[in-house]
$ cat structure.cif   # mmCIF, C-alpha atoms
data_query
loop_
_atom_site.group_PDB
_atom_site.id
_atom_site.type_symbol
_atom_site.label_atom_id
_atom_site.label_comp_id
_atom_site.auth_asym_id
_atom_site.auth_seq_id
_atom_site.Cartn_x
_atom_site.Cartn_y
_atom_site.Cartn_z
ATOM 1 C CA GLY A 1 0.000 0.000 0.000
ATOM 2 C CA GLY A 2 0.945 3.660 -0.273
ATOM 3 C CA GLU A 3 1.607 6.237 2.392
ATOM 4 C CA GLU A 4 -1.819 5.576 3.937
ATOM 5 C CA ALA A 5 -0.375 2.243 5.189
ATOM 6 C CA MET A 6 2.233 4.025 7.360
ATOM 7 C CA PRO A 7 0.282 3.802 10.661
ATOM 8 C CA GLU A 8 0.040 0.030 10.207
ATOM 9 C CA TRP A 9 3.757 -0.313 9.330
ATOM 10 C CA ARG A 10 4.665 1.833 12.357
ATOM 11 C CA ALA A 11 2.558 -0.386 14.611
ATOM 12 C CA ILE A 12 4.073 -3.596 13.184
ATOM 13 C CA PHE A 13 7.700 -2.452 13.521
ATOM 14 C CA GLY A 14 7.205 -0.399 16.686
ATOM 15 C CA ALA A 15 6.075 -3.420 18.695
ATOM 16 C CA ALA A 16 9.085 -5.553 17.690
ATOM 17 C CA LEU A 17 11.831 -2.983 17.019
ATOM 18 C CA PRO A 18 11.049 0.008 19.261
ATOM 19 C CA HIS A 19 14.535 1.495 18.623
ATOM 20 C CA ILE A 20 13.695 2.037 14.931
ATOM 21 C CA ASP A 21 11.980 5.171 13.602
ATOM 22 C CA VAL A 22 9.790 4.254 10.612
ATOM 23 C CA ARG A 23 9.456 6.862 7.850
ATOM 24 C CA TRP A 24 7.853 7.037 4.402
ATOM 25 C CA TRP A 25 10.490 7.178 1.649
ATOM 26 C CA SER A 26 9.452 10.609 0.293
ATOM 27 C CA ASP A 27 9.081 12.288 3.708
ATOM 28 C CA PRO A 28 10.673 15.750 3.144
ATOM 29 C CA THR A 29 12.036 15.736 6.717
ATOM 30 C CA LEU A 30 13.762 12.374 6.244
ATOM 31 C CA PRO A 31 17.365 12.643 7.533
ATOM 32 C CA ARG A 32 19.083 10.592 4.805
ATOM 33 C CA GLU A 33 22.269 9.997 6.776
ATOM 34 C CA ASP A 34 20.243 8.310 9.555
ATOM 35 C CA VAL A 35 18.598 5.681 7.320
ATOM 36 C CA HIS A 36 20.042 2.219 7.990
ATOM 37 C CA TYR A 37 17.308 -0.049 6.626
ATOM 38 C CA ALA A 38 15.196 0.368 3.476
ATOM 39 C CA LEU A 39 12.080 -1.672 2.668
ATOM 40 C CA VAL A 40 11.376 -0.831 -0.972
ATOM 41 C CA TRP A 41 9.639 -1.689 -4.231
ATOM 42 C CA GLU A 42 10.758 0.113 -7.404
ATOM 43 C CA PRO A 43 12.557 2.980 -5.637
ATOM 44 C CA PRO A 44 13.465 5.869 -7.976
ATOM 45 C CA PRO A 45 16.905 5.332 -9.573
ATOM 46 C CA GLY A 46 19.622 6.877 -7.405
ATOM 47 C CA PHE A 47 17.408 7.067 -4.305
ATOM 48 C CA LEU A 48 19.184 4.289 -2.389
ATOM 49 C CA ALA A 49 22.625 5.672 -3.293
ATOM 50 C CA ARG A 50 21.744 8.893 -1.456
ATOM 51 C CA LEU A 51 21.218 6.986 1.808
ATOM 52 C CA VAL A 52 24.915 7.090 2.668
ATOM 53 C CA ASN A 53 24.716 4.973 5.848
ATOM 54 C CA LEU A 54 22.397 2.297 4.455
ATOM 55 C CA LYS A 55 23.176 -1.163 5.883
ATOM 56 C CA LEU A 56 20.419 -3.388 4.516
ATOM 57 C CA ILE A 57 17.935 -3.307 1.604
ATOM 58 C CA VAL A 58 14.778 -5.426 1.763
ATOM 59 C CA SER A 59 12.732 -5.948 -1.402
ATOM 60 C CA SER A 60 9.026 -5.986 -0.544
ATOM 61 C CA GLY A 61 8.527 -8.650 -3.252
ATOM 62 C CA ALA A 62 10.343 -11.825 -4.277
ATOM 63 C CA GLY A 63 12.165 -10.180 -7.204
ATOM 64 C CA VAL A 64 15.184 -7.867 -7.162
ATOM 65 C CA ASP A 65 15.254 -6.828 -10.830
ATOM 66 C CA HIS A 66 13.520 -3.569 -9.821
ATOM 67 C CA LEU A 67 16.658 -2.821 -7.728
ATOM 68 C CA THR A 68 19.476 -4.226 -9.852
ATOM 69 C CA GLN A 69 18.481 -2.157 -12.898
ATOM 70 C CA ASP A 70 19.379 1.005 -10.936
ATOM 71 C CA PRO A 71 22.892 1.930 -12.208
ATOM 72 C CA ASP A 72 23.598 3.700 -8.883
ATOM 73 C CA LEU A 73 22.501 0.823 -6.652
ATOM 74 C CA PRO A 74 24.938 0.691 -3.682
ATOM 75 C CA ARG A 75 26.414 -2.737 -4.504
ATOM 76 C CA HIS A 76 28.090 -3.136 -1.104
ATOM 77 C CA VAL A 77 24.738 -3.194 0.729
ATOM 78 C CA PRO A 78 23.222 -6.689 1.177
ATOM 79 C CA ILE A 79 19.756 -7.255 -0.313
ATOM 80 C CA VAL A 80 17.141 -9.527 1.230
ATOM 81 C CA LYS A 81 14.240 -10.705 -0.964
ATOM 82 C CA MET A 82 10.773 -10.928 0.580
ATOM 83 C CA GLY A 83 10.515 -14.481 1.874
ATOM 84 C CA ALA A 84 7.484 -14.456 4.144
ATOM 85 C CA PRO A 85 6.279 -18.093 4.314
ATOM 86 C CA GLU A 86 2.797 -16.730 3.640
ATOM 87 C CA ALA A 87 4.012 -15.432 0.256
ATOM 88 C CA ALA A 88 4.935 -18.967 -0.850
ATOM 89 C CA ALA A 89 1.535 -20.219 0.337
ATOM 90 C CA ARG A 90 -0.201 -17.396 -1.555
ATOM 91 C CA MET A 91 1.731 -18.254 -4.734
ATOM 92 C CA ALA A 92 0.819 -21.927 -4.376
ATOM 93 C CA GLU A 93 -2.869 -20.897 -4.073
ATOM 94 C CA TYR A 94 -2.673 -18.720 -7.168
ATOM 95 C CA VAL A 95 -0.941 -21.355 -9.294
ATOM 96 C CA LEU A 96 -3.369 -24.029 -8.123
ATOM 97 C CA ALA A 97 -6.339 -21.779 -8.985
ATOM 98 C CA ALA A 98 -4.965 -20.937 -12.447
ATOM 99 C CA VAL A 99 -3.961 -24.525 -13.260
ATOM 100 C CA LEU A 100 -7.353 -25.887 -12.151
ATOM 101 C CA PHE A 101 -9.042 -23.139 -14.225
ATOM 102 C CA HIS A 102 -7.221 -24.384 -17.331
ATOM 103 C CA HIS A 103 -7.319 -28.098 -16.422
ATOM 104 C CA ARG A 104 -11.131 -28.014 -16.170
ATOM 105 C CA ARG A 105 -11.232 -25.717 -19.229
ATOM 106 C CA PHE A 106 -13.015 -22.868 -17.469
ATOM 107 C CA HIS A 107 -11.560 -20.565 -20.156
ATOM 108 C CA HIS A 108 -13.932 -22.406 -22.547
ATOM 109 C CA PHE A 109 -16.928 -21.802 -20.235
ATOM 110 C CA VAL A 110 -16.125 -18.109 -19.757
ATOM 111 C CA ASP A 111 -16.065 -17.737 -23.542
ATOM 112 C CA ALA A 112 -19.273 -19.775 -23.948
ATOM 113 C CA GLN A 113 -21.062 -17.710 -21.290
ATOM 114 C CA ARG A 114 -20.275 -14.505 -23.180
ATOM 115 C CA ARG A 115 -22.042 -16.081 -26.168
ATOM 116 C CA ARG A 116 -24.872 -17.501 -23.964
ATOM 117 C CA GLN A 117 -23.975 -21.023 -25.090
ATOM 118 C CA TRP A 118 -24.589 -24.145 -22.976
ATOM 119 C CA ALA A 119 -21.381 -25.715 -24.255
ATOM 120 C CA ARG A 120 -20.028 -28.787 -22.507
ATOM 121 C CA VAL A 121 -16.467 -29.908 -23.093
ATOM 122 C CA GLU A 122 -14.495 -33.079 -22.375
ATOM 123 C CA THR A 123 -11.912 -32.972 -19.568
ATOM 124 C CA THR A 124 -9.680 -35.586 -17.963
ATOM 125 C CA GLU A 125 -8.624 -36.306 -14.377
ATOM 126 C CA ALA A 126 -5.733 -34.466 -12.728
ATOM 127 C CA ALA A 127 -3.796 -37.757 -12.591
ATOM 128 C CA ASN A 128 -3.666 -37.687 -16.415
ATOM 129 C CA ARG A 129 -2.580 -34.044 -16.695
ATOM 130 C CA VAL A 130 1.083 -33.036 -16.909
ATOM 131 C CA VAL A 131 1.877 -29.650 -15.348
ATOM 132 C CA GLY A 132 5.381 -28.210 -15.765
ATOM 133 C CA VAL A 133 6.736 -25.594 -13.360
ATOM 134 C CA MET A 134 9.661 -23.448 -14.517
ATOM 135 C CA GLY A 135 11.637 -22.212 -11.516
ATOM 136 C CA LEU A 136 11.943 -24.306 -8.362
ATOM 137 C CA GLY A 137 12.919 -21.684 -5.790
ATOM 138 C CA THR A 138 10.865 -21.042 -2.649
ATOM 139 C CA LEU A 139 7.744 -20.094 -4.638
ATOM 140 C CA GLY A 140 8.159 -22.687 -7.393
ATOM 141 C CA ALA A 141 8.742 -25.554 -4.964
ATOM 142 C CA ALA A 142 5.644 -24.571 -2.951
ATOM 143 C CA ALA A 143 3.518 -24.394 -6.107
ATOM 144 C CA ALA A 144 4.839 -27.685 -7.519
ATOM 145 C CA THR A 145 4.172 -29.463 -4.209
ATOM 146 C CA ALA A 146 0.605 -28.082 -4.015
ATOM 147 C CA LEU A 147 -0.066 -29.268 -7.584
ATOM 148 C CA ARG A 148 1.304 -32.735 -6.808
ATOM 149 C CA THR A 149 -0.814 -32.973 -3.630
ATOM 150 C CA THR A 150 -3.898 -32.095 -5.717
ATOM 151 C CA GLY A 151 -3.154 -35.086 -7.937
ATOM 152 C CA PHE A 152 -1.461 -33.646 -11.032
ATOM 153 C CA ARG A 153 1.555 -35.212 -12.706
ATOM 154 C CA VAL A 154 4.114 -32.526 -11.949
ATOM 155 C CA ARG A 155 7.508 -31.842 -13.462
ATOM 156 C CA GLY A 156 9.889 -28.997 -12.714
ATOM 157 C CA TRP A 157 12.700 -27.231 -14.547
ATOM 158 C CA SER A 158 15.430 -25.105 -12.996
ATOM 159 C CA ARG A 159 18.865 -23.793 -13.919
ATOM 160 C CA ASN A 160 20.579 -26.167 -11.500
ATOM 161 C CA ALA A 161 19.442 -29.705 -10.678
ATOM 162 C CA LYS A 162 16.951 -29.925 -7.805
ATOM 163 C CA THR A 163 15.229 -32.850 -6.114
ATOM 164 C CA LEU A 164 11.601 -32.589 -5.027
ATOM 165 C CA ASP A 165 9.621 -35.482 -3.607
ATOM 166 C CA GLY A 166 7.286 -37.002 -6.196
ATOM 167 C CA ILE A 167 8.189 -34.454 -8.887
ATOM 168 C CA GLU A 168 10.159 -35.217 -12.042
ATOM 169 C CA THR A 169 12.886 -32.610 -12.377
ATOM 170 C CA PHE A 170 14.892 -31.323 -15.331
ATOM 171 C CA ALA A 171 17.793 -28.883 -15.300
ATOM 172 C CA GLY A 172 19.692 -26.470 -17.505
ATOM 173 C CA ARG A 173 19.595 -25.832 -21.215
ATOM 174 C CA ASP A 174 20.111 -29.573 -21.874
ATOM 175 C CA GLY A 175 16.959 -30.545 -19.981
ATOM 176 C CA PHE A 176 14.717 -27.776 -21.290
ATOM 177 C CA ASP A 177 13.284 -29.425 -24.415
ATOM 178 C CA ALA A 178 12.626 -32.713 -22.586
ATOM 179 C CA PHE A 179 10.815 -30.721 -19.888
ATOM 180 C CA LEU A 180 8.617 -28.942 -22.465
ATOM 181 C CA ASP A 181 7.762 -32.122 -24.395
ATOM 182 C CA GLY A 182 4.412 -33.276 -23.072
ATOM 183 C CA THR A 183 3.898 -30.374 -20.635
ATOM 184 C CA GLU A 184 0.191 -29.571 -21.013
ATOM 185 C CA ILE A 185 0.050 -26.633 -18.589
ATOM 186 C CA LEU A 186 3.225 -24.550 -18.356
ATOM 187 C CA VAL A 187 3.725 -22.432 -15.235
ATOM 188 C CA CYS A 188 6.478 -19.789 -15.171
ATOM 189 C CA LEU A 189 7.886 -18.917 -11.727
ATOM 190 C CA LEU A 190 11.463 -18.095 -12.749
ATOM 191 C CA ALA A 191 13.589 -15.298 -11.350
ATOM 192 C CA ALA A 192 14.114 -12.392 -13.772
ATOM 193 C CA THR A 193 17.676 -12.674 -15.108
ATOM 194 C CA PRO A 194 19.211 -11.929 -18.536
ATOM 195 C CA GLU A 195 19.171 -15.718 -19.237
ATOM 196 C CA THR A 196 15.446 -16.087 -18.574
ATOM 197 C CA GLU A 197 14.286 -12.997 -20.478
ATOM 198 C CA GLY A 198 11.853 -13.937 -23.267
ATOM 199 C CA ILE A 199 12.106 -17.648 -22.401
ATOM 200 C CA VAL A 200 8.422 -18.234 -23.207
ATOM 201 C CA ASN A 201 8.734 -17.403 -26.894
ATOM 202 C CA ALA A 202 7.511 -18.874 -30.188
ATOM 203 C CA ALA A 203 10.052 -21.731 -30.076
ATOM 204 C CA THR A 204 9.165 -22.672 -26.484
ATOM 205 C CA LEU A 205 5.420 -22.540 -27.190
ATOM 206 C CA ALA A 206 5.831 -24.635 -30.364
ATOM 207 C CA ARG A 207 7.401 -27.462 -28.324
ATOM 208 C CA LEU A 208 4.362 -27.735 -26.060
ATOM 209 C CA PRO A 209 1.626 -30.144 -27.209
ATOM 210 C CA GLY A 210 -1.352 -28.686 -29.076
ATOM 211 C CA GLY A 211 -3.993 -27.313 -26.702
ATOM 212 C CA ALA A 212 -1.491 -26.534 -23.943
ATOM 213 C CA CYS A 213 -2.049 -23.621 -21.536
ATOM 214 C CA VAL A 214 0.345 -21.086 -20.033
ATOM 215 C CA VAL A 215 0.423 -19.440 -16.594
ATOM 216 C CA ASN A 216 2.897 -16.616 -15.895
ATOM 217 C CA ALA A 217 3.218 -15.361 -12.320
ATOM 218 C CA ALA A 218 6.919 -14.464 -12.478
ATOM 219 C CA ARG A 219 7.816 -11.384 -14.537
ATOM 220 C CA GLY A 220 6.383 -9.834 -17.679
ATOM 221 C CA SER A 221 9.832 -10.078 -19.314
ATOM 222 C CA HIS A 222 9.632 -13.902 -19.327
ATOM 223 C CA VAL A 223 6.831 -14.033 -21.899
ATOM 224 C CA VAL A 224 7.099 -12.646 -25.431
ATOM 225 C CA LEU A 225 3.471 -11.481 -25.493
ATOM 226 C CA PRO A 226 3.111 -11.168 -29.319
ATOM 227 C CA ASP A 227 4.399 -14.771 -29.640
ATOM 228 C CA LEU A 228 1.894 -15.984 -27.045
ATOM 229 C CA ILE A 229 -0.990 -14.145 -28.726
ATOM 230 C CA ALA A 230 0.022 -15.602 -32.112
ATOM 231 C CA ALA A 231 0.061 -19.125 -30.591
ATOM 232 C CA LEU A 232 -3.385 -18.516 -29.023
ATOM 233 C CA ASP A 233 -4.772 -17.215 -32.317
ATOM 234 C CA SER A 234 -3.423 -20.233 -34.213
ATOM 235 C CA GLY A 235 -5.112 -22.532 -31.677
ATOM 236 C CA HIS A 236 -1.852 -24.253 -30.714
ATOM 237 C CA ILE A 237 -2.102 -22.731 -27.216
ATOM 238 C CA ALA A 238 -5.608 -23.011 -25.747
ATOM 239 C CA ALA A 239 -5.498 -20.295 -23.079
ATOM 240 C CA ALA A 240 -3.272 -18.314 -20.717
ATOM 241 C CA THR A 241 -3.398 -16.683 -17.291
ATOM 242 C CA LEU A 242 -1.049 -13.726 -16.891
ATOM 243 C CA ASP A 243 -0.348 -11.914 -13.610
ATOM 244 C CA VAL A 244 2.687 -9.898 -14.728
ATOM 245 C CA PHE A 245 3.516 -7.609 -17.654
ATOM 246 C CA GLU A 246 6.410 -5.568 -19.020
ATOM 247 C CA THR A 247 4.499 -2.353 -18.228
ATOM 248 C CA GLU A 248 2.348 -2.300 -15.109
ATOM 249 C CA PRO A 249 -0.439 -1.343 -14.846
ATOM 250 C CA LEU A 250 -1.056 -2.921 -18.258
ATOM 251 C CA PRO A 251 -1.951 -0.059 -20.676
ATOM 252 C CA ALA A 252 -5.645 0.095 -21.614
ATOM 253 C CA ASP A 253 -4.845 -0.305 -25.321
ATOM 254 C CA ASP A 254 -2.825 -3.531 -24.866
ATOM 255 C CA PRO A 255 -4.255 -6.349 -27.054
ATOM 256 C CA ALA A 256 -4.047 -8.802 -24.120
ATOM 257 C CA TRP A 257 -7.019 -7.111 -22.395
ATOM 258 C CA ALA A 258 -9.463 -7.992 -25.161
ATOM 259 C CA HIS A 259 -8.183 -11.483 -25.930
ATOM 260 C CA PRO A 260 -10.966 -14.018 -25.232
ATOM 261 C CA ARG A 261 -8.561 -16.679 -23.960
ATOM 262 C CA ILE A 262 -6.293 -14.592 -21.743
ATOM 263 C CA LEU A 263 -7.198 -14.149 -18.088
ATOM 264 C CA ILE A 264 -5.462 -11.075 -16.645
ATOM 265 C CA THR A 265 -4.795 -10.547 -12.935
ATOM 266 C CA PRO A 266 -3.088 -7.352 -11.653
ATOM 267 C CA HIS A 267 0.217 -8.678 -10.188
ATOM 268 C CA VAL A 268 -1.426 -10.217 -7.116
ATOM 269 C CA ALA A 269 -0.203 -13.833 -7.183
ATOM 270 C CA SER A 270 1.976 -14.004 -4.077
ATOM 271 C CA THR A 271 1.130 -10.840 -2.165
ATOM 272 C CA ALA A 272 1.120 -11.639 1.544
ATOM 273 C CA GLY A 273 -0.523 -9.340 4.099
ATOM 274 C CA ARG A 274 1.420 -6.521 5.799
ATOM 275 C CA GLN A 275 1.588 -8.401 9.104
ATOM 276 C CA ALA A 276 3.224 -11.388 7.405
ATOM 277 C CA ARG A 277 5.663 -9.246 5.427
ATOM 278 C CA GLY A 278 6.403 -7.185 8.531
ATOM 279 C CA ARG A 279 7.303 -10.314 10.522
ATOM 280 C CA PHE A 280 9.759 -11.345 7.812
ATOM 281 C CA VAL A 281 11.417 -7.895 7.673
ATOM 282 C CA ILE A 282 11.710 -7.849 11.483
ATOM 283 C CA GLU A 283 13.459 -11.261 11.349
ATOM 284 C CA ALA A 284 15.840 -9.960 8.678
ATOM 285 C CA ILE A 285 16.739 -6.829 10.679
ATOM 286 C CA ARG A 286 17.209 -8.860 13.873
ATOM 287 C CA ALA A 287 19.482 -11.306 12.022
ATOM 288 C CA PHE A 288 21.485 -8.390 10.613
ATOM 289 C CA GLU A 289 21.869 -6.718 14.015
ATOM 290 C CA ALA A 290 22.940 -10.015 15.601
ATOM 291 C CA GLY A 291 25.507 -10.670 12.857
ATOM 292 C CA GLU A 292 23.670 -13.829 11.787
ATOM 293 C CA THR A 293 23.024 -15.233 8.304
ATOM 294 C CA LEU A 294 20.442 -13.136 6.464
ATOM 295 C CA PRO A 295 17.260 -14.886 5.301
ATOM 296 C CA ASN A 296 16.622 -15.165 1.550
ATOM 297 C CA GLN A 297 19.633 -13.040 0.612
ATOM 298 C CA TYR A 298 20.179 -12.011 -3.006
ATOM 299 C CA ASP A 299 23.262 -13.569 -4.587
ATOM 300 C CA PRO A 300 24.676 -11.258 -7.299
ATOM 301 C CA ALA A 301 26.656 -14.162 -8.819
ATOM 302 C CA ARG A 302 23.449 -16.116 -9.538
ATOM 303 C CA GLY A 303 21.355 -13.050 -10.277
ATOM 304 C CA TYR A 304 18.612 -13.996 -7.796
#
$ encode --input "structure.cif" --output "structure tokens"
Amino acid sequence: GGEEAMPEWRAIFGAALPHIDVRWWSDPTLPREDVHYALVWEPPPGFLARLVNLKLIVSSGAGVDHLTQDPDLPRHVPIVKMGAPEAAARMAEYVLAAVLFHHRRFHHFVDAQRRRQWARVETTEAANRVVGVMGLGTLGAAAATALRTTGFRVRGWSRNAKTLDGIETFAGRDGFDAFLDGTEILVCLLAATPETEGIVNAATLARLPGGACVVNAARGSHVVLPDLIAALDSGHIAAATLDVFETEPLPADDPAWAHPRILITPHVASTAGRQARGRFVIEAIRAFEAGETLPNQYDPARGY
């Protein structure tokens, strides 16, 4: 939330960290040299560099691309990515909802309802449906596990090999095509790095079986939207659910809004409540002040 959320943030932090004065980032009376901790999302470029005594940056979301694209980012300051356990649970809920929507072909019913058509359609059981999750970090692992528990056949793909109970895993460029082959619902939960930019493109979509669906709850940069729309229009891809876009809010004239087989949600997939996020930030600050290992710390070498 915006500045109107400040009383709640003050209450959350005041109870646990009474020695900390909580201020809104654009407060004109903010003494920049006294700022030690910054909880931010898309701060203006150069803003963090002006906080000369900054000790810790916390991203209020799971991604850090909104920070690393700032050329003046103070690189010596550690960055912690939002890792509230509730955020992983929220992402698992979202992915489960979107995958079930496509699995039971609700996109077909939404379209039929618009046309006032009583149009039944054949569907199969979850045990016969292959769902592929790209990205097996905290959020991806939670989503993949929730899908498996619901009864889907789940596979996962990540940059480095991972092992998840009951989930077939693939890794690296060498495992990518094998992962895509037979994936009927593709879920993107990758971190935003130069390697993953545009990964859901015409070539990727062409490898999926006809009638496959796509869910993107990672970053807008992962999906080449014109390629996805072309694959939807050709009928090769049946439908898509998109939570993230290159420009947010999505401009009113974007063709995705009007597409009958795209469900748009406004970047809400893993948003945990303020209390939950506050608890995580408090843990991070306490760990920092005690000289302990920081939770969910960004690793510049990996890019996430």
$ closest_residue --input "structure.cif" --among "A:Ala269, A:Ile282, A:Ile264, A:Ala202" --to "His236 in chain A" --atoms "all atoms listed in the file"
A:Ala202
$ residues_around --input "structure.cif" --residues "Gly175 in chain A" --least-positions-apart "3" --cutoff "10 Å" --atoms "only C-alpha atoms" --output "list of chain:residue names"
A:Trp157, A:Ser158, A:Arg159, A:Ala161, A:Thr169, A:Phe170, A:Ala171, A:Gly172, A:Ala178, A:Phe179, A:Leu180
$ closest_residue --input "structure.cif" --among "A:Thr247, A:Thr265, A:Asn296, A:Ser221" --to "Val200 in chain A" --atoms "all atoms listed in the file"
A:Ser221
$ resolve_selection --input "structure.cif" --expression "the PyMOL selection byres ((chain A and resi 145) around 10)" --output "PyMOL selection string"
chain A and resi 92+140-144+146-152+154+164-167
$ residues_near_point --input "structure.cif" --point "(20.4, -16.1, -7.0)" --cutoff "12 Å" --atoms "all atoms listed in the file" --output "list in words"
Ala62, Gly63, Val64, Asp65, Ile79, Val80, Lys81, Gly135, Leu136, Gly137, Thr138, Ser158, Arg159, Asn160, Leu190, Ala191, Ala192, Thr193, Asn296, Gln297, Tyr298, Asp299, Pro300, Ala301, Arg302, Gly303 and Tyr304 of chain A
$ axis_aligned_box --input "structure.cif" --around "range 47-55 of chain A" --padding-each-side "4 Å" --output "AutoDock Vina command-line options"
--center_x 21.2 --center_y 3.9 --center_z 0.8 --size_x 15.5 --size_y 18.1 --size_z 18.2
$ residues_around --input "structure.cif" --residues "Phe245 in chain A" --least-positions-apart "2" --cutoff "9 Å" --atoms "all atoms listed in the file" --output "list of chain:residue names"
A:Arg219, A:Gly220, A:Ser221, A:His222, A:Val223, A:Leu225, A:Leu242, A:Asp243, A:Thr247, A:Glu248, A:Pro249, A:Leu250, A:Pro266, A:His267
$ resolve_selection --input "structure.cif" --expression "the PyMOL selection byres ((chain A and resi 5) around 12)" --output "mmCIF file with C-alpha atoms, keeping the file's coordinate frame"
data_model
loop_
_atom_site.group_PDB
_atom_site.id
_atom_site.type_symbol
_atom_site.label_atom_id
_atom_site.label_comp_id
_atom_site.auth_asym_id
_atom_site.auth_seq_id
_atom_site.Cartn_x
_atom_site.Cartn_y
_atom_site.Cartn_z
ATOM 1 C CA GLY A 1 0.000 0.000 0.000
ATOM 2 C CA GLY A 2 0.945 3.660 -0.273
ATOM 3 C CA GLU A 3 1.607 6.237 2.392
ATOM 4 C CA GLU A 4 -1.819 5.576 3.937
ATOM 5 C CA MET A 6 2.233 4.025 7.360
ATOM 6 C CA PRO A 7 0.282 3.802 10.661
ATOM 7 C CA GLU A 8 0.040 0.030 10.207
ATOM 8 C CA TRP A 9 3.757 -0.313 9.330
ATOM 9 C CA ARG A 10 4.665 1.833 12.357
ATOM 10 C CA ALA A 11 2.558 -0.386 14.611
ATOM 11 C CA ILE A 12 4.073 -3.596 13.184
ATOM 12 C CA VAL A 22 9.790 4.254 10.612
ATOM 13 C CA ARG A 23 9.456 6.862 7.850
ATOM 14 C CA TRP A 24 7.853 7.037 4.402
ATOM 15 C CA GLY A 273 -0.523 -9.340 4.099
ATOM 16 C CA ARG A 274 1.420 -6.521 5.799
ATOM 17 C CA GLN A 275 1.588 -8.401 9.104
#
$ atom_distance --input "structure.cif" --atom1 "CA of Ala258 in chain A" --atom2 "CA of Val110 in chain A"
13.3 Å
$ atom_distance --input "structure.cif" --atom1 "CA of Leu51 in chain A" --atom2 "CA of Arg32 in chain A"
5.2 Å
$ closest_residue --input "structure.cif" --among "A:Ala287, A:Leu205, A:Ala38, A:Leu186" --to "Lys55 in chain A" --atoms "only C-alpha atoms"
A:Ala38
$ closest_residue --input "structure.cif" --among "A:Val58, A:Leu294, A:Val187, A:Ala230" --to "Ala203 in chain A" --atoms "all atoms listed in the file"
A:Ala230
$ resolve_selection --input "structure.cif" --expression "the PyMOL selection byres ((chain A and resi 41-49) around 6)" --output "number ranges by chain"
A: 40, 50-51, 59-60, 66, 70, 72-74
$ closest_residue --input "structure.cif" --among "A:His36, A:Ala206, A:Glu246, A:Ile237" --to "Glu289 in chain A" --atoms "all atoms listed in the file"
A:His36
$ closest_residue --input "structure.cif" --among "A:Gly278, A:Arg153, A:Arg105, A:Pro85" --to "Ala240 in chain A" --atoms "only C-alpha atoms"
A:Arg105
$ atom_distance --input "structure.cif" --atom1 "CA of His103 in chain A" --atom2 "CA of Glu86 in chain A"
25.2 Å
